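entry00.txt follows; it contains compact mmCIF, C-alpha atoms and all ligand atoms.
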# COMPACT_ATOMS: atom_id res chain seq x y z
CA MET A 1 -22.65 -2.62 -2.43
CA LYS A 2 -25.35 -0.02 -3.14
CA ILE A 3 -26.52 -0.30 -6.72
CA ASN A 4 -26.59 2.84 -8.83
CA LEU A 5 -29.30 2.22 -11.41
CA ALA A 6 -28.25 5.14 -13.59
CA ASN A 7 -24.81 3.54 -14.01
CA ILE A 8 -26.36 0.21 -14.94
CA LYS A 9 -28.60 1.93 -17.46
CA LYS A 10 -25.60 3.62 -19.05
CA ALA A 11 -23.69 0.32 -19.29
CA LYS A 12 -26.74 -1.39 -20.77
CA LYS A 13 -27.19 1.30 -23.41
CA LEU A 14 -23.59 0.93 -24.58
CA LEU A 15 -23.66 -2.88 -24.52
CA ASN A 16 -26.87 -2.86 -26.58
CA LYS A 17 -24.92 -0.93 -29.22
CA SER A 18 -22.13 -3.56 -29.27
CA GLU A 19 -19.73 -1.32 -27.35
CA CYS A 20 -17.37 -2.64 -24.67
CA VAL A 21 -17.84 -1.80 -21.01
CA ALA A 22 -15.69 -2.85 -18.05
CA ILE A 23 -17.67 -4.64 -15.37
CA PRO A 24 -16.86 -5.43 -11.74
CA THR A 25 -16.80 -9.03 -10.58
CA GLU A 26 -15.84 -10.57 -7.26
CA THR A 27 -12.70 -12.08 -8.84
CA VAL A 28 -11.33 -9.36 -11.12
CA TYR A 29 -12.86 -6.73 -13.45
CA GLY A 30 -13.98 -7.96 -16.87
CA LEU A 31 -13.93 -6.24 -20.28
CA ALA A 32 -17.44 -7.03 -21.42
CA GLY A 33 -19.34 -7.09 -24.68
CA ASN A 34 -22.47 -8.74 -26.12
CA ALA A 35 -21.50 -12.42 -26.51
CA TYR A 36 -23.98 -12.76 -29.39
CA SER A 37 -22.35 -9.95 -31.36
CA ASP A 38 -19.28 -10.53 -33.57
CA LEU A 39 -18.64 -6.81 -33.59
CA ALA A 40 -18.59 -6.51 -29.79
CA CYS A 41 -16.33 -9.57 -29.43
CA LYS A 42 -13.91 -8.25 -32.05
CA LYS A 43 -13.67 -5.00 -30.11
CA ILE A 44 -12.73 -6.91 -26.94
CA TYR A 45 -9.79 -8.66 -28.65
CA LYS A 46 -8.62 -5.42 -30.20
CA LEU A 47 -8.75 -3.41 -26.97
CA LYS A 48 -6.92 -6.09 -24.99
CA LYS A 49 -4.44 -6.88 -27.79
CA ARG A 50 -5.45 -10.45 -27.14
CA PRO A 51 -4.36 -13.30 -29.44
CA LYS A 52 -7.35 -14.41 -31.53
CA ASN A 53 -6.92 -18.05 -30.52
CA ASN A 54 -7.65 -17.31 -26.85
CA PRO A 55 -11.42 -17.73 -26.35
CA LEU A 56 -13.45 -15.60 -23.94
CA ILE A 57 -15.44 -16.54 -20.84
CA VAL A 58 -19.16 -15.88 -21.26
CA HIS A 59 -21.01 -14.54 -18.20
CA TYR A 60 -24.64 -15.45 -17.49
CA TYR A 61 -27.23 -14.46 -14.90
CA ASN A 62 -28.49 -18.03 -14.39
CA THR A 63 -29.02 -21.40 -16.08
CA HIS A 64 -32.30 -20.33 -17.63
CA ASP A 65 -30.37 -18.09 -19.98
CA LEU A 66 -27.64 -20.70 -20.45
CA LYS A 67 -29.95 -23.46 -21.67
CA LYS A 68 -30.25 -21.97 -25.14
CA ASP A 69 -26.51 -21.96 -25.69
CA CYS A 70 -25.04 -25.15 -24.25
CA LYS A 71 -25.50 -28.61 -22.82
CA PHE A 72 -25.06 -29.44 -19.19
CA ASN A 73 -24.81 -32.53 -17.03
CA ASN A 74 -24.89 -33.68 -13.42
CA THR A 75 -21.35 -32.66 -12.58
CA PHE A 76 -22.15 -29.17 -13.74
CA PHE A 77 -25.36 -29.03 -11.70
CA LYS A 78 -23.75 -30.21 -8.49
CA LEU A 79 -21.09 -27.54 -8.70
CA TYR A 80 -23.51 -24.89 -9.92
CA LYS A 81 -25.85 -25.47 -6.98
CA LYS A 82 -23.05 -25.22 -4.47
CA PHE A 83 -20.85 -22.46 -5.84
CA CYS A 84 -22.84 -20.24 -8.18
CA PRO A 85 -22.96 -17.38 -8.46
CA GLY A 86 -19.27 -17.45 -7.64
CA PRO A 87 -15.65 -17.86 -8.76
CA ILE A 88 -15.90 -20.98 -10.92
CA THR A 89 -15.85 -21.22 -14.73
CA PHE A 90 -17.20 -24.30 -16.52
CA ILE A 91 -16.16 -25.67 -19.89
CA LEU A 92 -19.29 -27.05 -21.58
CA ASP A 93 -20.35 -28.27 -25.03
CA LEU A 94 -21.93 -25.59 -27.18
CA ASN A 95 -25.33 -26.21 -28.76
CA LYS A 96 -25.18 -26.29 -32.54
CA ASN A 97 -27.80 -23.57 -32.83
CA SER A 98 -26.32 -21.37 -30.13
CA LYS A 99 -26.21 -17.65 -30.83
CA ILE A 100 -22.79 -17.20 -29.22
CA SER A 101 -20.39 -15.39 -31.53
CA LYS A 102 -17.75 -17.64 -33.06
CA ILE A 103 -15.26 -14.90 -32.36
CA ALA A 104 -15.88 -15.37 -28.62
CA THR A 105 -15.28 -19.13 -28.74
CA ASN A 106 -12.59 -19.09 -31.44
CA LYS A 107 -14.86 -21.45 -33.44
CA LYS A 108 -14.48 -24.18 -30.81
CA ASN A 109 -17.44 -26.43 -30.06
CA THR A 110 -16.95 -25.76 -26.35
CA ILE A 111 -17.58 -22.65 -24.30
CA ALA A 112 -16.33 -21.29 -20.97
CA VAL A 113 -19.21 -20.00 -18.82
CA ARG A 114 -19.37 -18.24 -15.48
CA PHE A 115 -22.00 -16.75 -13.15
CA PRO A 116 -20.37 -13.82 -11.36
CA LYS A 117 -21.53 -12.93 -7.86
CA HIS A 118 -20.94 -9.18 -7.77
CA SER A 119 -24.32 -7.52 -7.17
CA VAL A 120 -23.79 -4.70 -9.68
CA THR A 121 -22.93 -7.08 -12.51
CA ARG A 122 -25.74 -9.45 -11.56
CA ASN A 123 -28.16 -6.59 -11.81
CA LEU A 124 -26.76 -5.67 -15.21
CA LEU A 125 -26.92 -9.27 -16.51
CA LYS A 126 -30.51 -9.59 -15.35
CA ASN A 127 -31.40 -6.55 -17.42
CA LEU A 128 -29.75 -7.65 -20.66
CA LYS A 129 -31.12 -9.81 -23.45
CA PHE A 130 -27.74 -11.46 -24.02
CA PRO A 131 -24.86 -12.90 -21.98
CA LEU A 132 -21.58 -11.02 -21.66
CA ALA A 133 -18.29 -12.20 -23.11
CA ALA A 134 -15.69 -10.83 -20.72
CA PRO A 135 -12.02 -11.62 -20.35
CA SER A 136 -10.16 -9.96 -17.50
CA ALA A 137 -9.96 -6.19 -18.05
CA ASN A 138 -6.22 -5.83 -18.54
CA LEU A 139 -3.84 -5.70 -21.48
CA SER A 140 -2.97 -9.19 -22.71
CA SER A 141 -0.28 -10.97 -20.61
CA LYS A 142 -0.39 -8.28 -17.91
CA VAL A 143 -1.74 -8.12 -14.35
CA SER A 144 -5.54 -8.23 -14.00
CA SER A 145 -7.57 -5.25 -12.77
CA VAL A 146 -9.18 -5.32 -9.33
CA CYS A 147 -10.67 -1.81 -9.32
CA SER A 148 -11.95 0.76 -11.81
CA ALA A 149 -8.71 2.80 -11.56
CA ASP A 150 -6.70 -0.24 -12.76
CA VAL A 151 -8.93 -0.55 -15.81
CA LYS A 152 -8.54 3.15 -16.59
CA GLU A 153 -4.78 2.85 -16.16
CA ASP A 154 -4.65 0.09 -18.81
CA PHE A 155 -7.14 1.40 -21.34
CA GLY A 156 -7.48 5.16 -20.76
CA LYS A 157 -10.01 6.78 -23.05
CA LYS A 158 -10.11 3.75 -25.35
CA ILE A 159 -12.74 2.18 -23.14
CA LYS A 160 -16.16 3.80 -23.35
CA TYR A 161 -17.27 3.13 -19.78
CA VAL A 162 -16.18 1.45 -16.56
CA LEU A 163 -19.06 0.32 -14.39
CA GLU A 164 -18.03 1.12 -10.81
CA GLY A 165 -18.14 -1.74 -8.33
CA GLY A 166 -15.43 -0.97 -5.77
CA LYS A 167 -12.50 -3.27 -5.17
CA SER A 168 -12.97 -6.92 -6.20
CA SER A 169 -13.56 -8.85 -2.99
CA ILE A 170 -11.48 -11.90 -4.00
CA GLY A 171 -8.81 -10.47 -6.30
CA LEU A 172 -7.82 -13.67 -8.16
CA GLU A 173 -9.49 -15.13 -11.26
CA SER A 174 -12.04 -17.94 -11.19
CA THR A 175 -11.06 -21.61 -11.17
CA ILE A 176 -11.66 -23.17 -14.61
CA ILE A 177 -13.00 -26.71 -14.72
CA ASP A 178 -13.86 -28.80 -17.75
CA VAL A 179 -16.94 -30.77 -16.66
CA ARG A 180 -17.81 -32.47 -19.96
CA LYS A 181 -16.22 -35.80 -19.06
CA LYS A 182 -13.96 -36.56 -16.11
CA PRO A 183 -13.75 -33.27 -14.20
CA LYS A 184 -10.52 -31.52 -15.09
CA ILE A 185 -9.11 -28.31 -13.63
CA LEU A 186 -7.61 -26.18 -16.40
CA ARG A 187 -6.69 -23.12 -14.34
CA LEU A 188 -6.10 -22.82 -10.63
CA GLY A 189 -8.22 -20.02 -9.27
CA SER A 190 -9.91 -18.56 -6.26
CA LEU A 191 -12.20 -21.54 -5.65
CA GLN A 192 -10.05 -24.20 -4.08
CA ILE A 193 -9.81 -27.65 -5.61
CA SER A 194 -10.43 -29.26 -2.20
CA SER A 195 -13.88 -27.58 -2.07
CA ILE A 196 -14.69 -28.89 -5.54
CA LYS A 197 -13.55 -32.42 -4.67
CA LYS A 198 -15.72 -32.42 -1.56
CA ILE A 199 -18.85 -31.77 -3.61
CA LEU A 200 -18.11 -34.15 -6.47
CA ASN A 201 -16.74 -36.87 -4.27
CA LYS A 202 -14.60 -38.21 -7.07
CA LYS A 203 -11.20 -37.81 -8.63
CA VAL A 204 -10.49 -34.43 -10.15
CA ILE A 205 -7.74 -34.21 -12.77
CA ILE A 206 -5.48 -31.18 -12.55
CA LYS A 207 -4.10 -29.98 -15.88
CA ASN A 208 -2.92 -26.58 -14.91
CA ASN A 209 0.52 -27.10 -16.49
CA PRO A 210 0.05 -29.33 -19.51
CA SER A 211 2.91 -30.01 -21.87
CA LYS A 212 0.68 -28.97 -24.74
CA ILE A 213 -0.73 -25.54 -24.00
CA SER A 214 -4.47 -25.75 -24.52
CA ILE A 215 -5.53 -22.45 -23.03
CA PRO A 216 -3.53 -19.27 -23.13
CA GLY A 217 -4.10 -18.60 -19.41
CA GLN A 218 -1.45 -21.30 -19.32
CA PHE A 219 0.94 -19.39 -21.58
CA LYS A 220 4.28 -19.04 -19.93
CA LEU A 221 4.34 -15.27 -19.41
CA HIS A 222 1.09 -14.04 -17.95
CA TYR A 223 -0.05 -11.84 -15.08
CA SER A 224 3.13 -9.80 -15.60
CA PRO A 225 3.66 -6.50 -13.80
CA GLY A 226 5.94 -5.49 -16.71
CA ILE A 227 9.22 -5.78 -14.75
CA PRO A 228 11.28 -8.86 -13.84
CA LEU A 229 10.17 -10.80 -10.82
CA ARG A 230 12.03 -13.58 -8.96
CA LEU A 231 10.68 -16.04 -6.43
CA ASN A 232 11.59 -17.57 -3.06
CA VAL A 233 14.04 -14.81 -2.30
CA LYS A 234 15.73 -14.61 1.08
CA LYS A 235 18.19 -11.87 0.28
CA ILE A 236 17.22 -9.00 -1.99
CA LYS A 237 19.47 -7.05 -4.34
CA ASN A 238 19.98 -3.28 -4.33
CA ASN A 239 16.95 -1.33 -5.52
CA GLU A 240 14.63 -4.32 -5.68
CA ALA A 241 11.14 -4.13 -4.23
CA TYR A 242 10.60 -6.93 -1.71
CA LEU A 243 7.17 -8.60 -1.63
CA LEU A 244 6.28 -10.53 1.52
CA ILE A 245 3.22 -12.48 2.56
CA LYS A 246 3.08 -10.94 6.03
CA LYS A 247 4.11 -7.79 7.80
CA ILE A 248 7.44 -7.84 9.58
CA GLN A 249 8.58 -5.37 12.22
CA LYS A 250 11.84 -4.31 10.63
CA THR A 251 10.28 -2.85 7.52
CA LYS A 252 11.89 -0.61 4.87
CA PRO A 253 10.38 1.68 2.21
CA ASN A 254 10.92 -0.95 -0.49
CA TYR A 255 9.09 -3.69 1.46
CA TYR A 256 5.53 -4.52 0.43
CA PHE A 257 3.25 -6.76 2.48
CA LEU A 258 0.36 -8.77 1.07
CA SER A 259 -1.30 -9.18 4.46
CA LYS A 260 -0.90 -8.28 8.11
CA LYS A 261 -0.51 -11.77 9.50
CA GLY A 262 0.02 -14.06 6.53
CA ASP A 263 -3.68 -14.57 5.79
CA LEU A 264 -3.89 -16.04 2.28
CA LYS A 265 -7.32 -14.59 1.47
CA GLU A 266 -6.14 -11.12 2.34
CA ALA A 267 -2.93 -11.72 0.36
CA ALA A 268 -4.91 -12.83 -2.71
CA LYS A 269 -7.03 -9.71 -2.56
CA ASN A 270 -3.95 -7.48 -2.43
CA LEU A 271 -1.71 -9.34 -4.89
CA TYR A 272 -2.45 -7.60 -8.20
CA SER A 273 -2.85 -4.11 -6.75
CA THR A 274 0.50 -4.45 -4.94
CA LEU A 275 2.26 -5.57 -8.14
CA ARG A 276 0.80 -2.55 -9.91
CA LYS A 277 1.84 -0.25 -7.06
CA ILE A 278 5.45 -1.49 -7.15
CA LYS A 279 5.67 -0.83 -10.89
CA LYS A 280 4.18 2.64 -10.40
CA ASN A 281 6.76 3.39 -7.72
CA LYS A 282 9.40 2.88 -10.43
CA TYR A 283 11.16 -0.20 -9.10
CA LYS A 284 13.00 -2.07 -11.85
CA SER A 285 12.45 -5.54 -10.39
CA ILE A 286 10.60 -7.47 -7.69
CA ALA A 287 11.90 -10.10 -5.28
CA VAL A 288 9.22 -12.28 -3.70
CA ALA A 289 9.74 -14.05 -0.38
CA LYS A 290 8.47 -17.63 -0.14
CA ILE A 291 4.69 -17.96 -0.05
CA PRO A 292 3.21 -21.12 1.53
CA ASN A 293 2.10 -23.48 -1.22
CA LYS A 294 -1.22 -24.50 0.31
CA GLY A 295 -4.84 -23.49 -0.24
CA LEU A 296 -5.07 -20.14 -2.01
CA GLY A 297 -1.28 -19.91 -1.75
CA LYS A 298 -1.14 -22.40 -4.63
CA THR A 299 -3.06 -20.01 -6.88
CA ILE A 300 -0.96 -17.05 -5.74
CA ASN A 301 2.22 -19.02 -6.53
CA ASP A 302 0.81 -20.12 -9.90
CA ARG A 303 0.30 -16.46 -10.88
CA LEU A 304 3.72 -15.39 -9.57
CA ILE A 305 5.52 -18.22 -11.38
CA ARG A 306 3.93 -17.12 -14.66
CA ALA A 307 4.74 -13.47 -13.88
CA SER A 308 8.39 -14.48 -13.33
CA LYS A 309 8.84 -15.66 -16.95
CA PHE A 310 9.65 -12.11 -17.98
O1 LIG B 401 -12.46 -14.60 -12.86
C1 LIG B 401 -12.45 -14.71 -14.07
O2 LIG B 401 -12.50 -15.81 -14.65
C2 LIG B 401 -12.34 -13.41 -14.90
C3 LIG B 401 -13.64 -12.61 -14.70
C4 LIG B 401 -13.67 -11.34 -15.52
O3 LIG B 401 -14.75 -13.42 -14.96
N1 LIG B 401 -12.13 -13.68 -16.29
C5 LIG B 401 -10.95 -14.16 -16.77
O4 LIG B 401 -10.92 -14.24 -18.16
O5 LIG B 401 -10.01 -14.48 -16.09
P1 LIG B 401 -9.60 -14.43 -19.02
O6 LIG B 401 -10.00 -14.21 -20.41
O7 LIG B 401 -8.52 -13.57 -18.49
O8 LIG B 401 -9.27 -15.93 -18.85
C6 LIG B 401 -10.13 -16.89 -19.40
C7 LIG B 401 -9.44 -18.18 -19.67
C8 LIG B 401 -8.41 -18.04 -20.76
O9 LIG B 401 -7.21 -18.60 -20.32
C9 LIG B 401 -9.03 -18.86 -21.90
O10 LIG B 401 -8.05 -19.47 -22.67
C10 LIG B 401 -9.89 -19.86 -21.15
O11 LIG B 401 -10.41 -19.13 -20.09
N2 LIG B 401 -10.98 -20.39 -21.99
C11 LIG B 401 -11.97 -19.73 -22.61
N3 LIG B 401 -12.75 -20.56 -23.34
C12 LIG B 401 -12.25 -21.80 -23.19
C13 LIG B 401 -12.59 -23.09 -23.71
N4 LIG B 401 -13.63 -23.29 -24.51
N5 LIG B 401 -11.83 -24.14 -23.33
C14 LIG B 401 -10.78 -23.98 -22.50
N6 LIG B 401 -10.41 -22.77 -21.98
C15 LIG B 401 -11.11 -21.71 -22.33
MG MG B 402 -6.78 -12.77 -17.95
Show how you would write the structure in this file as structure tokens.
Ligand code: TXA
Ligand code: MG
Amino acid sequence: MKINLANIKKAKKLLNKSECVAIPTETVYGLAGNAYSDLACKKIYKLKKRPKNNPLIVHYYNTHDLKKDCKFNNTFFKLYKKFCPGPITFILDLNKNSKISKIATNKKNTIAVRFPKHSVTRNLLKNLKFPLAAPSANLSSKVSSVCSADVKEDFGKKIKYVLEGGKSSIGLESTIIDVRKKPKILRLGSLQISSIKKILNKKVIIKNNPSKISIPGQFKLHYSPGIPLRLNVKKIKNNEAYLLIKKIQKTKPNYYFLSKKGDLKEAAKNLYSTLRKIKKNKYKSIAVAKIPNKGLGKTINDRLIRASKF
């Protein structure tokens, strides 16, 4: 994507004043603020109507900037070298003297960090003197934003600026992994667990559905389009929108396809925008046809299951 330096300058100016700015990433758009500023972090929670106990992911340009704020180990380095910048978020131990706002971490002694790949946001991060706390740029418990129009739909004039970056190329959030001890996946995401296992060459614990909820991305209702949604549907009811993984020949106006031929990457990219579109087209509920539970399909199903707890 061609980088518009004037846009980056504008975002930087606002961020320097502890204002919030939406930023594009390859996964989904983020609602960003200075991670060293209590004021900026407070504004993020307020705008998103986010529960205060749900800490934010902090976005860095590279490990040089990260060193001041937290500790890292071999597991982290292996994954960093292979996948960063990219769609993986690490849980690390915070340094005692770190400047990260306690509002961002909810006073925990751990921190979630990520190195986004989107060229516009990388350019911005490189030009800032602080990392960016940025949860997904959507209202709490709702569908994430994958383009600037989605962000504007959710926040309207309340958000000072949306840094344009086109449509997110992946469309699903990053995979969260706690690397402090035995590697543990806390949220399924767009980086597949099989790829992570291949690099680490050891057992990876998956705690995406713990009995005790430890991160609110695991709250029951999440990623909700704001209308009821049911899964594995073969026969739809009157007036339902029907969401299918691949295009079928006998289509109807209420049929929505996530991809042409059942490609899971394409489906992931289209998931959130299609859910938003169905809601906008005034359907009262969504029926989803079975989606293969393999590879990225697992993450798509994870999001749809949470969206179905309406
Ligand atoms: O792809 C992504 O990860 C996007 C883009 C914008 O980077 N961000 C994103 O942020 O999905 P958010 O806030 O929607 O989800 C972050 C998740 C939350 O479920 C939060 O509870 C968890 O990360 N989290 C943050 N800090 C944590 C910590 N110290 N330990 C465990 N989980 C943490
Ligand atoms: Mg989110």
Notebook entry, point to check: Residues within 8 Å of ligand LIG 401 (chain B) (only C-alpha atoms and all ligand atoms), as a PyMOL selection string?
Noted result: chain A and resi 23-31+54-57+59+87-89+91-92+105+108-114+116+134-137+144+172-176+178+186-187+189+214-218
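Interatomic distance, atom CA of Gly33 of chain A against atom CA of Cys20 of chain A: 4.9 Å.
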Note to self: Here is a test: counting all atoms listed in the file, which residue of A:Ala104, A:Met1, A:Leu200, A:Ala307 is nearest to Gly166 of chain A?
What the structure shows: A:Met1
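Comparing A:Ser37, A:Asn138, A:Gln249, A:Ser148 by their smallest distance to Val162 of chain A, the closest is A:Ser148 (using all atoms listed in the file).
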Margin query: One number please: atom CA of Tyr272 of chain A to atom CA of Lys184 of chain A, in Å, one decimal.
Written below: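 Atom CA of Lys184 of chain A lies 26.2 Å from atom CA of Tyr272 of chain A.
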Checklist line | Between atom CA of Lys82 of chain A and atom CA of Val58 of chain A, distance in Å (one decimal) | finding: 19.6 Å
Checklist line | Within 10 Å of file point (-25.5, -15.1, -17.3), counting only C-alpha atoms, expressed as a list in words | finding: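 Those residues, ordered by chain and then number, are Val58, His59, Tyr60, Tyr61, Asn62, Thr63, His64, Asp65, Leu66, Pro85, Val113, Arg114, Phe115, Pro116, Thr121, Arg122, Leu124, Leu125, Lys126, Leu128, Lys129, Phe130, Pro131, Leu132 and Ala133 of chain A.
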Check: Counting only C-alpha atoms and all ligand atoms, which of A:Tyr36, A:Phe257, A:Phe77, A:Tyr45 gets nearest to ligand MG 402 (chain B)?
Finding: A:Tyr45
